[in-house]
file coords.cif (mmCIF, C-alpha atoms)
data_input
loop_
_atom_site.label_atom_id
_atom_site.label_comp_id
_atom_site.auth_asym_id
_atom_site.auth_seq_id
_atom_site.Cartn_x
_atom_site.Cartn_y
_atom_site.Cartn_z
CA MET I 1 -9.02 -59.24 0.05
CA SER I 2 -8.19 -62.63 1.50
CA ASP I 3 -11.84 -63.34 2.14
CA VAL I 4 -12.66 -62.48 -1.48
CA LEU I 5 -9.79 -64.67 -2.67
CA ALA I 6 -10.99 -67.61 -0.61
CA ARG I 7 -14.56 -67.30 -1.85
CA VAL I 8 -13.53 -66.81 -5.47
CA THR I 9 -11.17 -69.79 -5.25
CA LYS I 10 -13.90 -71.99 -3.84
CA MET I 11 -16.34 -70.95 -6.59
CA VAL I 12 -13.79 -71.54 -9.34
CA VAL I 13 -12.89 -74.96 -7.94
CA GLU I 14 -16.53 -75.95 -7.84
CA HIS I 15 -17.56 -74.49 -11.16
CA LEU I 16 -14.62 -75.59 -13.29
CA ASP I 17 -13.96 -78.78 -11.35
CA VAL I 18 -10.22 -78.10 -10.96
CA GLU I 19 -7.74 -78.74 -8.11
CA GLU I 20 -7.52 -75.91 -5.62
CA ASP I 21 -3.73 -75.56 -5.97
CA LYS I 22 -4.21 -74.71 -9.68
CA VAL I 23 -6.34 -71.71 -8.78
CA THR I 24 -3.60 -69.12 -8.33
CA GLY I 25 -3.78 -65.37 -8.93
CA ASN I 26 -2.15 -65.71 -12.33
CA ALA I 27 -4.28 -68.63 -13.44
CA HIS I 28 -6.08 -67.78 -16.68
CA PHE I 29 -9.62 -69.14 -16.72
CA ILE I 30 -9.48 -70.30 -20.32
CA ASP I 31 -5.78 -71.06 -20.89
CA ASP I 32 -4.96 -72.59 -17.51
CA LEU I 33 -8.20 -73.78 -15.98
CA GLY I 34 -9.94 -75.25 -19.00
CA ALA I 35 -12.87 -72.85 -19.06
CA ASP I 36 -14.73 -71.99 -22.24
CA SER I 37 -16.34 -68.66 -23.03
CA LEU I 38 -19.63 -69.83 -21.58
CA ASP I 39 -17.90 -70.79 -18.32
CA ASN I 40 -16.54 -67.24 -18.12
CA VAL I 41 -20.03 -65.81 -18.47
CA GLU I 42 -21.37 -68.22 -15.87
CA LEU I 43 -18.55 -67.39 -13.45
CA VAL I 44 -19.10 -63.66 -13.81
CA MET I 45 -22.81 -64.15 -13.15
CA ALA I 46 -21.99 -66.33 -10.17
CA PHE I 47 -19.65 -63.64 -8.80
CA GLU I 48 -22.40 -61.06 -9.18
CA GLU I 49 -24.74 -63.23 -7.17
CA GLU I 50 -22.24 -64.27 -4.51
CA PHE I 51 -20.96 -60.75 -3.82
CA ASP I 52 -24.18 -58.91 -4.65
CA ILE I 53 -22.47 -56.64 -7.15
CA GLU I 54 -22.93 -55.76 -10.79
CA ILE I 55 -20.16 -56.52 -13.27
CA PRO I 56 -20.76 -54.58 -16.50
CA ASP I 57 -20.01 -56.34 -19.79
CA ASP I 58 -16.94 -54.23 -20.59
CA ALA I 59 -15.47 -55.01 -17.17
CA ALA I 60 -16.35 -58.68 -17.49
CA GLU I 61 -14.34 -58.86 -20.71
CA HIS I 62 -11.23 -57.90 -18.77
CA ILE I 63 -11.68 -60.53 -16.08
CA GLN I 64 -9.46 -63.20 -17.58
CA THR I 65 -7.60 -64.50 -14.56
CA VAL I 66 -8.41 -65.37 -10.97
CA GLY I 67 -6.40 -62.30 -9.92
CA ASP I 68 -8.45 -60.06 -12.25
CA ALA I 69 -11.63 -61.31 -10.62
CA VAL I 70 -10.37 -60.87 -7.07
CA LYS I 71 -9.10 -57.36 -7.82
CA PHE I 72 -12.34 -56.24 -9.45
CA ILE I 73 -14.54 -57.71 -6.75
CA SER I 74 -12.38 -56.36 -3.90
CA GLU I 75 -12.63 -52.85 -5.33
CA LYS I 76 -16.40 -53.18 -5.68
CA VAL I 77 -17.15 -54.57 -2.24
CA GLY I 78 -14.55 -52.22 -0.72
CA MET N 1 -39.68 -93.59 -23.43
CA PHE N 2 -40.69 -89.95 -23.31
CA ASN N 3 -41.07 -89.86 -19.56
CA LEU N 4 -41.11 -86.39 -18.02
CA ASP N 5 -41.52 -87.29 -14.35
CA GLY N 6 -40.01 -84.60 -12.13
CA LYS N 7 -39.63 -82.08 -14.97
CA ARG N 8 -41.16 -78.62 -14.83
CA ALA N 9 -42.54 -77.08 -18.00
CA LEU N 10 -43.71 -73.57 -18.84
CA VAL N 11 -46.14 -73.36 -21.75
CA THR N 12 -47.15 -69.95 -23.06
CA GLY N 13 -50.34 -69.43 -24.99
CA ALA N 14 -51.86 -72.35 -23.12
CA THR N 15 -55.36 -70.98 -23.66
CA GLY N 16 -55.03 -71.55 -27.39
CA GLY N 17 -55.72 -74.84 -29.13
CA LEU N 18 -52.09 -75.85 -29.65
CA GLY N 19 -50.80 -74.62 -26.28
CA GLY N 20 -53.56 -76.45 -24.42
CA GLU N 21 -52.79 -79.72 -26.24
CA ILE N 22 -49.07 -79.33 -25.57
CA ALA N 23 -49.66 -78.64 -21.87
CA LYS N 24 -51.92 -81.69 -21.60
CA MET N 25 -49.37 -83.92 -23.34
CA LEU N 26 -46.41 -82.86 -21.17
CA HIS N 27 -48.60 -83.20 -18.09
CA ALA N 28 -49.76 -86.68 -19.11
CA ARG N 29 -46.12 -87.76 -19.33
CA GLY N 30 -45.43 -86.65 -15.76
CA ALA N 31 -44.31 -83.02 -15.98
CA HIS N 32 -45.51 -80.29 -13.67
CA VAL N 33 -46.84 -77.64 -16.07
CA ALA N 34 -47.11 -73.90 -15.58
CA ILE N 35 -49.70 -72.63 -18.02
CA SER N 36 -49.63 -69.05 -19.18
CA GLY N 37 -52.04 -66.95 -21.18
CA THR N 38 -54.20 -63.87 -21.00
CA ARG N 39 -57.65 -65.43 -20.54
CA ALA N 40 -57.98 -66.30 -16.85
CA GLU N 41 -61.15 -68.42 -17.13
CA LYS N 42 -59.64 -70.57 -19.86
CA LEU N 43 -56.49 -71.13 -17.81
CA GLN N 44 -58.66 -72.05 -14.85
CA SER N 45 -60.70 -74.59 -16.77
CA LEU N 46 -57.55 -76.18 -18.23
CA ALA N 47 -56.05 -76.35 -14.74
CA SER N 48 -59.20 -78.03 -13.40
CA GLU N 49 -59.09 -80.53 -16.23
CA LEU N 50 -55.45 -81.41 -15.49
CA GLY N 51 -55.90 -81.69 -11.72
CA ASP N 52 -52.61 -81.76 -9.82
CA ARG N 53 -49.11 -80.77 -11.00
CA VAL N 54 -50.42 -77.62 -12.65
CA SER N 55 -49.84 -73.94 -11.90
CA ILE N 56 -51.48 -70.89 -13.46
CA VAL N 57 -49.15 -68.01 -14.34
CA PRO N 58 -51.01 -65.31 -16.28
CA CYS N 59 -48.91 -63.05 -18.50
CA ASN N 60 -49.40 -60.46 -21.20
CA LEU N 61 -46.60 -61.15 -23.68
CA SER N 62 -46.72 -57.65 -25.13
CA ASP N 63 -45.47 -56.33 -21.78
CA GLY N 64 -41.69 -56.85 -21.70
CA ASP N 65 -41.32 -56.54 -17.94
CA ALA N 66 -44.10 -59.05 -17.38
CA VAL N 67 -42.41 -61.48 -19.78
CA ASP N 68 -39.09 -61.14 -17.96
CA ALA N 69 -40.84 -61.94 -14.68
CA LEU N 70 -42.78 -64.94 -16.02
CA PRO N 71 -40.12 -67.67 -15.59
CA LYS N 72 -39.54 -66.57 -11.98
CA ALA N 73 -43.26 -66.64 -11.32
CA ALA N 74 -43.44 -70.12 -12.81
CA GLU N 75 -40.48 -71.21 -10.69
CA ALA N 76 -42.15 -69.92 -7.52
CA ALA N 77 -45.44 -71.58 -8.42
CA MET N 78 -43.88 -74.94 -9.28
CA GLY N 79 -41.30 -75.02 -6.48
CA GLY N 80 -38.36 -75.20 -8.88
CA ALA N 81 -36.94 -73.68 -12.04
CA VAL N 82 -38.33 -74.30 -15.51
CA ASP N 83 -36.72 -77.30 -17.24
CA ILE N 84 -38.82 -77.15 -20.40
CA LEU N 85 -39.88 -73.90 -22.03
CA VAL N 86 -42.49 -74.09 -24.76
CA ALA N 87 -42.86 -70.67 -26.34
CA ASN N 88 -46.12 -71.23 -28.11
CA ALA N 89 -48.01 -67.94 -27.84
CA GLY N 90 -48.31 -66.00 -31.05
CA ILE N 91 -50.53 -63.49 -32.75
CA THR N 92 -51.28 -62.42 -36.31
CA ARG N 93 -52.02 -58.98 -37.70
CA ASP N 94 -52.37 -59.91 -41.35
CA GLY N 95 -52.43 -57.50 -44.24
CA LEU N 96 -50.63 -56.77 -47.47
CA LEU N 97 -47.42 -54.87 -46.83
CA MET N 98 -48.68 -51.86 -48.81
CA ARG N 99 -51.42 -51.48 -46.22
CA MET N 100 -49.62 -52.68 -43.12
CA LYS N 101 -49.39 -50.28 -40.23
CA GLN N 102 -46.24 -49.87 -38.18
CA ASP N 103 -48.17 -50.99 -35.10
CA ASP N 104 -49.13 -54.25 -36.82
CA TRP N 105 -45.46 -54.93 -37.46
CA ASP N 106 -44.25 -53.89 -34.01
CA LEU N 107 -46.82 -55.82 -32.00
CA VAL N 108 -46.28 -59.07 -33.91
CA GLN N 109 -42.49 -58.87 -33.45
CA LYS N 110 -42.92 -58.07 -29.79
CA VAL N 111 -45.33 -60.85 -28.91
CA ASN N 112 -43.94 -63.56 -31.21
CA LEU N 113 -40.21 -62.91 -31.38
CA GLU N 114 -39.13 -60.60 -28.57
CA SER N 115 -40.97 -62.65 -25.96
CA TYR N 116 -39.08 -65.73 -27.18
CA PHE N 117 -35.80 -63.89 -26.59
CA ARG N 118 -36.86 -62.69 -23.14
CA LEU N 119 -38.26 -66.02 -21.98
CA SER N 120 -35.27 -68.00 -23.24
CA LYS N 121 -32.86 -65.64 -21.54
CA ALA N 122 -34.69 -65.79 -18.24
CA CYS N 123 -34.97 -69.59 -18.31
CA LEU N 124 -31.44 -70.29 -19.43
CA ARG N 125 -29.41 -69.81 -16.29
CA PRO N 126 -30.97 -72.51 -14.14
CA MET N 127 -31.02 -74.83 -17.16
CA MET N 128 -27.30 -74.34 -17.65
CA LYS N 129 -26.65 -74.86 -13.97
CA SER N 130 -28.52 -78.14 -13.93
CA ARG N 131 -26.98 -79.21 -17.26
CA TRP N 132 -30.40 -80.04 -18.65
CA GLY N 133 -32.91 -77.89 -20.46
CA ARG N 134 -35.30 -77.82 -23.37
CA ILE N 135 -36.33 -74.70 -25.23
CA ILE N 136 -38.99 -75.26 -27.85
CA GLY N 137 -40.29 -72.47 -30.05
CA ILE N 138 -43.53 -72.95 -31.92
CA THR N 139 -42.91 -71.29 -35.24
CA SER N 140 -44.80 -71.83 -38.50
CA VAL N 141 -44.39 -73.25 -41.96
CA VAL N 142 -44.84 -69.71 -43.29
CA GLY N 143 -41.65 -68.67 -41.50
CA VAL N 144 -39.87 -70.82 -44.06
CA THR N 145 -42.14 -70.63 -47.13
CA GLY N 146 -43.57 -67.13 -46.74
CA ASN N 147 -47.21 -66.26 -47.23
CA PRO N 148 -48.79 -63.21 -48.82
CA GLY N 149 -50.40 -60.96 -46.25
CA GLN N 150 -48.12 -62.17 -43.49
CA THR N 151 -44.83 -60.31 -43.90
CA ASN N 152 -44.86 -59.41 -40.23
CA TYR N 153 -45.88 -62.85 -38.98
CA ALA N 154 -43.55 -64.77 -41.33
CA ALA N 155 -40.63 -62.52 -40.35
CA SER N 156 -41.27 -63.14 -36.65
CA LYS N 157 -41.47 -66.90 -37.20
CA ALA N 158 -38.34 -66.99 -39.38
CA GLY N 159 -36.68 -64.92 -36.64
CA MET N 160 -37.52 -67.58 -34.08
CA ILE N 161 -35.79 -70.19 -36.23
CA GLY N 162 -32.59 -68.15 -36.60
CA PHE N 163 -32.59 -67.30 -32.92
CA SER N 164 -32.98 -70.97 -32.00
CA LYS N 165 -30.13 -72.09 -34.25
CA SER N 166 -27.79 -69.50 -32.73
CA LEU N 167 -28.74 -70.18 -29.13
CA ALA N 168 -28.53 -73.92 -29.76
CA GLN N 169 -24.86 -73.49 -30.66
CA GLU N 170 -24.19 -71.36 -27.60
CA VAL N 171 -25.56 -73.81 -25.05
CA ALA N 172 -25.27 -77.27 -26.63
CA SER N 173 -22.31 -78.14 -24.39
CA ARG N 174 -24.50 -77.61 -21.32
CA GLY N 175 -27.14 -80.20 -22.11
CA VAL N 176 -29.63 -77.55 -23.21
CA THR N 177 -31.30 -78.05 -26.58
CA VAL N 178 -33.14 -75.39 -28.56
CA ASN N 179 -35.50 -76.46 -31.32
CA CYS N 180 -38.54 -75.26 -33.21
CA ILE N 181 -41.72 -76.94 -34.34
CA ALA N 182 -43.25 -75.57 -37.53
CA PRO N 183 -46.92 -76.56 -37.82
CA GLY N 184 -48.65 -76.45 -41.19
CA PHE N 185 -52.43 -76.15 -41.39
CA ILE N 186 -53.88 -77.29 -38.09
CA ALA N 187 -57.62 -77.67 -37.41
CA SER N 188 -58.74 -74.80 -35.20
CA PRO N 189 -61.72 -72.48 -34.74
CA MET N 190 -60.15 -70.42 -37.52
CA THR N 191 -60.10 -73.29 -40.04
CA ASP N 192 -63.55 -74.44 -38.89
CA ALA N 193 -64.87 -71.10 -40.07
CA LEU N 194 -63.66 -71.67 -43.64
CA ASN N 195 -66.25 -72.69 -46.21
CA GLU N 196 -66.06 -75.96 -48.15
CA SER N 197 -64.38 -74.56 -51.26
CA GLN N 198 -61.77 -72.75 -49.16
CA LYS N 199 -61.10 -75.97 -47.27
CA GLU N 200 -60.82 -77.92 -50.49
CA ALA N 201 -58.31 -75.43 -51.90
CA ILE N 202 -56.15 -75.85 -48.82
CA LEU N 203 -56.36 -79.63 -48.85
CA THR N 204 -55.15 -79.86 -52.45
CA LYS N 205 -51.82 -78.55 -51.18
CA ILE N 206 -51.50 -81.15 -48.42
CA PRO N 207 -50.35 -84.59 -49.59
CA ALA N 208 -51.71 -86.16 -46.39
CA GLY N 209 -55.15 -84.95 -47.50
CA ASP N 210 -56.23 -83.62 -44.14
CA LEU N 211 -55.60 -80.83 -41.68
CA GLY N 212 -53.32 -81.54 -38.74
CA SER N 213 -54.55 -81.68 -35.15
CA GLY N 214 -53.27 -80.12 -31.96
CA ALA N 215 -52.23 -83.59 -30.87
CA ASP N 216 -49.87 -83.85 -33.86
CA ILE N 217 -48.03 -80.78 -32.60
CA ALA N 218 -48.15 -81.92 -28.97
CA ASN N 219 -46.52 -85.23 -29.97
CA ALA N 220 -43.68 -83.35 -31.63
CA ALA N 221 -43.27 -81.16 -28.53
CA LEU N 222 -43.16 -84.23 -26.30
CA TYR N 223 -40.40 -85.73 -28.41
CA LEU N 224 -38.26 -82.59 -28.36
CA ALA N 225 -38.83 -82.19 -24.60
CA SER N 226 -37.79 -85.75 -23.84
CA ASN N 227 -34.42 -87.23 -22.88
CA GLU N 228 -34.63 -89.26 -26.07
CA ALA N 229 -34.14 -86.05 -28.12
CA SER N 230 -31.02 -84.96 -26.24
CA TYR N 231 -28.85 -85.08 -29.39
CA VAL N 232 -31.30 -83.04 -31.45
CA THR N 233 -30.68 -79.31 -31.33
CA GLY N 234 -31.00 -76.27 -33.57
CA GLN N 235 -33.57 -78.08 -35.68
CA THR N 236 -36.98 -77.18 -36.99
CA LEU N 237 -39.39 -80.07 -36.96
CA HIS N 238 -41.97 -79.55 -39.71
CA VAL N 239 -45.35 -81.07 -38.89
CA ASN N 240 -47.46 -80.32 -41.92
CA GLY N 241 -48.73 -83.45 -43.65
CA GLY N 242 -46.19 -82.95 -46.40
CA MET N 243 -47.39 -79.54 -47.61
CA ALA N 244 -43.82 -78.23 -47.55
CA MET N 245 -40.75 -80.43 -47.53
CA ILE N 246 -37.68 -78.55 -46.46
#
call {"tool": "encode", "arguments": {"input": "coords.cif", "output": "structure tokens"}}
result
Amino acid sequence: MSDVLARVTKMVVEHLDVEEDKVTGNAHFIDDLGADSLDNVELVMAFEEEFDIEIPDDAAEHIQTVGDAVKFISEKVG
Amino acid sequence: MFNLDGKRALVTGATGGLGGEIAKMLHARGAHVAISGTRAEKLQSLASELGDRVSIVPCNLSDGDAVDALPKAAEAAMGGAVDILVANAGITRDGLLMRMKQDDWDLVQKVNLESYFRLSKACLRPMMKSRWGRIIGITSVVGVTGNPGQTNYAASKAGMIGFSKSLAQEVASRGVTVNCIAPGFIASPMTDALNESQKEAILTKIPAGDLGSGADIANAALYLASNEASYVTGQTLHVNGGMAMI
């Protein structure tokens, strides 16, 4: 879990160009981190690549916060 | 102006008159070009003519899986992802609708329109990552004006325009532009075969009084591919000697 969190945090910091301390579990990509819908799609695709998993569209729709992403990815990579 | 040094372009239908001219133009301005088509000898002779900075990536655009794989093949051949996609390949299966076969409809949509969707999708990700990309669809004046005997072709070309406008809005914030070029009557082996009275009938509809050339289309492609056109997106550039003003 912590490894996933660290990697996700790093990717979000890089992709959205935000300060690391803003990237908390509750941080909402769009409302808190300044992402737009295209950023969300790009992040999901980047997660798929980084963790070598597939994130179906209906699951991707529910990944709205950093915590959502970490939870989904942690379950997938087990 | 219009310098493409360091850019990588994929041109489909490069064995045709227009595609060959477009590939030559982008190459002359410094781009590495990946040329695609179905006729291997023609690709080879174009590659020999261009010399360096050219890669051959054959593809049958009626084969969806092959189309999906084309941008990756071009990337591997050029040593980097495609910056400029010119979707130029197209076919016709003309006939009055009353006589048109389902296959004539399906194949034209697949080669002209579906391949544009597949190629754009496959090229988009690296373009978005690098915050720079150019997608250029070669459509046709008949996609806007219509033409009897070409319901299938005109629909596919109008489809390219609508697709481009939508995608342009999706990716404009990422430095990726999506535009179309709509040629009118361009001199080609097909127009060479027309007799004098047929030619005259066509020319009466063209205020410029002459057919266009492949170079006219290649110039338009160069402009849309360039940095200078970075604020132009979702547009259709009509290159037709004034035969239709839209």
call {"tool": "closest_atom_pairs", "arguments": {"input": "coords.cif", "of": "chain I", "to": "chain N", "cutoff": "12 Å", "atoms": "all atoms listed in the file", "output": "Markdown table"}}
result
| residue | atom | partner | partner_atom | distance |
| --- | --- | --- | --- | --- |
| I:Glu14 | CA | N:Lys129 | CA | 11.9 |
| I:His15 | CA | N:Lys129 | CA | 9.5 |
| I:Asp36 | CA | N:Ser173 | CA | 10.0 |
| I:Ser37 | CA | N:Glu170 | CA | 9.5 |
| I:Leu38 | CA | N:Glu170 | CA | 7.7 |
| I:Asp39 | CA | N:Arg174 | CA | 10.0 |
| I:Val41 | CA | N:Arg125 | CA | 10.4 |
| I:Glu42 | CA | N:Arg125 | CA | 8.2 |
| I:Leu43 | CA | N:Lys129 | CA | 11.0 |
| I:Met45 | CA | N:Arg125 | CA | 9.2 |
| I:Ala46 | CA | N:Arg125 | CA | 10.2 |
call {"tool": "residues_around", "arguments": {"input": "coords.cif", "residues": "Thr9 (chain I)", "least_positions_apart": "4", "cutoff": "9 Å", "atoms": "only C-alpha atoms", "output": "list in words"}}
result
Val4, Leu5, Val13, Glu14, Glu20, Val23, Thr24 and Val66 of chain I
call {"tool": "write_last_selection", "arguments": {"input": "coords.cif", "atoms": "C-alpha atoms", "output": "CSV table (one decimal), in the coordinates of the input"}}
result
chain,number,residue,atom,x,y,z
I,4,VAL,CA,-12.7,-62.5,-1.5
I,5,LEU,CA,-9.8,-64.7,-2.7
I,13,VAL,CA,-12.9,-75.0,-7.9
I,14,GLU,CA,-16.5,-76.0,-7.8
I,20,GLU,CA,-7.5,-75.9,-5.6
I,23,VAL,CA,-6.3,-71.7,-8.8
I,24,THR,CA,-3.6,-69.1,-8.3
I,66,VAL,CA,-8.4,-65.4,-11.0
call {"tool": "closest_residue", "arguments": {"input": "coords.cif", "among": "I:Phe29, I:Val12, I:Val18, I:Ile73", "to": "Glu54 (chain I)", "atoms": "only C-alpha atoms"}}
result
I:Ile73
call {"tool": "closest_residue", "arguments": {"input": "coords.cif", "among": "N:Thr177, N:Ala218, N:Glu41, N:Gly95", "to": "Ala23 (chain N)", "atoms": "all atoms listed in the file"}}
result
N:Ala218
call {"tool": "residues_around", "arguments": {"input": "coords.cif", "residues": "Asp31 (chain I)", "least_positions_apart": "2", "cutoff": "12 Å", "atoms": "all atoms listed in the file", "output": "list in words"}}
result
Lys22, Asn26, Ala27, His28, Phe29, Leu33, Gly34, Ala35, Asp36, Ser37, Asn40, Gln64, Thr65 and Val66 of chain I
call {"tool": "resolve_selection", "arguments": {"input": "coords.cif", "expression": "the PyMOL selection byres ((chain N and resi 109) around 9)", "output": "list of chain:residue names"}}
result
N:Asp104, N:Trp105, N:Asp106, N:Leu107, N:Val108, N:Lys110, N:Val111, N:Asn112, N:Leu113, N:Glu114, N:Ser115, N:Asn152, N:Tyr153, N:Ala155, N:Ser156, N:Lys157, N:Gly159
call {"tool": "resolve_selection", "arguments": {"input": "coords.cif", "expression": "the PyMOL selection byres ((chain N and resi 219) around 12)", "output": "list in words"}}
result
Phe2, Leu18, Glu21, Ile22, Ala23, Lys24, Met25, Leu26, Ala28, Arg29, Ile181, Pro183, Gly212, Ser213, Gly214, Ala215, Asp216, Ile217, Ala218, Ala220, Ala221, Leu222, Tyr223, Leu224, Ala225, Ser226, Leu237 and Val239 of chain N
call {"tool": "closest_residue", "arguments": {"input": "coords.cif", "among": "I:Ala6, I:Asp21, I:Glu49, I:Ala59", "to": "Phe72 (chain I)", "atoms": "all atoms listed in the file"}}
result
I:Ala59
call {"tool": "closest_residue", "arguments": {"input": "coords.cif", "among": "N:Asp192, N:Gly6, N:Gly90, N:Arg134", "to": "Met160 (chain N)", "atoms": "all atoms listed in the file"}}
result
N:Gly90
call {"tool": "atom_distance", "arguments": {"input": "coords.cif", "atom1": "CA of Asn227 (chain N)", "atom2": "CA of Val178 (chain N)"}}
result
13.2 Å
call {"tool": "build_atoms", "arguments": {"input": "coords.cif", "residues": "region 41-49 of chain N", "atoms": "all heavy atoms", "output": "PDB file, in the coordinates of the input"}}
result
ATOM      1  N   GLU N  41     -60.174 -67.328 -17.286  1.00  0.00           N
ATOM      2  CA  GLU N  41     -61.150 -68.420 -17.130  1.00  0.00           C
ATOM      3  C   GLU N  41     -60.688 -69.670 -17.874  1.00  0.00           C
ATOM      4  O   GLU N  41     -60.865 -70.797 -17.413  1.00  0.00           O
ATOM      5  CB  GLU N  41     -62.557 -68.065 -17.646  1.00  0.00           C
ATOM      6  CG  GLU N  41     -62.974 -66.625 -17.639  1.00  0.00           C
ATOM      7  CD  GLU N  41     -62.339 -65.831 -18.761  1.00  0.00           C
ATOM      8  OE1 GLU N  41     -62.742 -66.019 -19.910  1.00  0.00           O
ATOM      9  OE2 GLU N  41     -61.455 -65.008 -18.495  1.00  0.00           O
ATOM     10  N   LYS N  42     -60.109 -69.428 -19.057  1.00  0.00           N
ATOM     11  CA  LYS N  42     -59.640 -70.570 -19.860  1.00  0.00           C
ATOM     12  C   LYS N  42     -58.497 -71.291 -19.158  1.00  0.00           C
ATOM     13  O   LYS N  42     -58.422 -72.524 -19.186  1.00  0.00           O
ATOM     14  CB  LYS N  42     -59.192 -70.084 -21.239  1.00  0.00           C
ATOM     15  CG  LYS N  42     -60.324 -69.922 -22.216  1.00  0.00           C
ATOM     16  CD  LYS N  42     -59.874 -70.399 -23.588  1.00  0.00           C
ATOM     17  CE  LYS N  42     -61.059 -70.746 -24.467  1.00  0.00           C
ATOM     18  NZ  LYS N  42     -60.644 -71.477 -25.670  1.00  0.00           N
ATOM     19  N   LEU N  43     -57.595 -70.518 -18.553  1.00  0.00           N
ATOM     20  CA  LEU N  43     -56.490 -71.130 -17.810  1.00  0.00           C
ATOM     21  C   LEU N  43     -57.052 -71.950 -16.661  1.00  0.00           C
ATOM     22  O   LEU N  43     -56.599 -73.060 -16.375  1.00  0.00           O
ATOM     23  CB  LEU N  43     -55.545 -70.054 -17.271  1.00  0.00           C
ATOM     24  CG  LEU N  43     -54.660 -69.334 -18.294  1.00  0.00           C
ATOM     25  CD1 LEU N  43     -53.901 -68.197 -17.625  1.00  0.00           C
ATOM     26  CD2 LEU N  43     -53.688 -70.302 -18.956  1.00  0.00           C
ATOM     27  N   GLN N  44     -58.053 -71.376 -15.998  1.00  0.00           N
ATOM     28  CA  GLN N  44     -58.660 -72.050 -14.850  1.00  0.00           C
ATOM     29  C   GLN N  44     -59.298 -73.360 -15.260  1.00  0.00           C
ATOM     30  O   GLN N  44     -59.145 -74.381 -14.580  1.00  0.00           O
ATOM     31  CB  GLN N  44     -59.693 -71.110 -14.196  1.00  0.00           C
ATOM     32  CG  GLN N  44     -60.159 -71.554 -12.830  1.00  0.00           C
ATOM     33  CD  GLN N  44     -59.004 -71.771 -11.851  1.00  0.00           C
ATOM     34  OE1 GLN N  44     -58.241 -70.851 -11.586  1.00  0.00           O
ATOM     35  NE2 GLN N  44     -58.847 -72.979 -11.332  1.00  0.00           N
ATOM     36  N   SER N  45     -60.006 -73.352 -16.386  1.00  0.00           N
ATOM     37  CA  SER N  45     -60.700 -74.590 -16.770  1.00  0.00           C
ATOM     38  C   SER N  45     -59.686 -75.650 -17.225  1.00  0.00           C
ATOM     39  O   SER N  45     -59.873 -76.841 -16.965  1.00  0.00           O
ATOM     40  CB  SER N  45     -61.757 -74.329 -17.846  1.00  0.00           C
ATOM     41  OG  SER N  45     -61.169 -74.103 -19.088  1.00  0.00           O
ATOM     42  N   LEU N  46     -58.590 -75.215 -17.862  1.00  0.00           N
ATOM     43  CA  LEU N  46     -57.550 -76.180 -18.230  1.00  0.00           C
ATOM     44  C   LEU N  46     -56.898 -76.762 -16.982  1.00  0.00           C
ATOM     45  O   LEU N  46     -56.654 -77.973 -16.891  1.00  0.00           O
ATOM     46  CB  LEU N  46     -56.491 -75.499 -19.121  1.00  0.00           C
ATOM     47  CG  LEU N  46     -55.306 -76.359 -19.549  1.00  0.00           C
ATOM     48  CD1 LEU N  46     -55.754 -77.586 -20.335  1.00  0.00           C
ATOM     49  CD2 LEU N  46     -54.310 -75.545 -20.382  1.00  0.00           C
ATOM     50  N   ALA N  47     -56.666 -75.891 -15.995  1.00  0.00           N
ATOM     51  CA  ALA N  47     -56.050 -76.350 -14.740  1.00  0.00           C
ATOM     52  C   ALA N  47     -56.956 -77.367 -14.050  1.00  0.00           C
ATOM     53  O   ALA N  47     -56.488 -78.397 -13.547  1.00  0.00           O
ATOM     54  CB  ALA N  47     -55.772 -75.162 -13.826  1.00  0.00           C
ATOM     55  N   SER N  48     -58.257 -77.102 -14.044  1.00  0.00           N
ATOM     56  CA  SER N  48     -59.200 -78.030 -13.400  1.00  0.00           C
ATOM     57  C   SER N  48     -59.190 -79.372 -14.116  1.00  0.00           C
ATOM     58  O   SER N  48     -59.252 -80.426 -13.486  1.00  0.00           O
ATOM     59  CB  SER N  48     -60.621 -77.476 -13.436  1.00  0.00           C
ATOM     60  OG  SER N  48     -60.655 -76.150 -13.008  1.00  0.00           O
ATOM     61  N   GLU N  49     -59.092 -79.313 -15.433  1.00  0.00           N
ATOM     62  CA  GLU N  49     -59.090 -80.530 -16.230  1.00  0.00           C
ATOM     63  C   GLU N  49     -57.843 -81.377 -15.920  1.00  0.00           C
ATOM     64  O   GLU N  49     -57.913 -82.607 -15.854  1.00  0.00           O
ATOM     65  CB  GLU N  49     -59.117 -80.151 -17.705  1.00  0.00           C
ATOM     66  CG  GLU N  49     -59.322 -81.321 -18.642  1.00  0.00           C
ATOM     67  CD  GLU N  49     -59.265 -80.868 -20.110  1.00  0.00           C
ATOM     68  OE1 GLU N  49     -59.566 -79.706 -20.419  1.00  0.00           O
ATOM     69  OE2 GLU N  49     -58.888 -81.713 -20.945  1.00  0.00           O
TER      70      GLU N  49
END
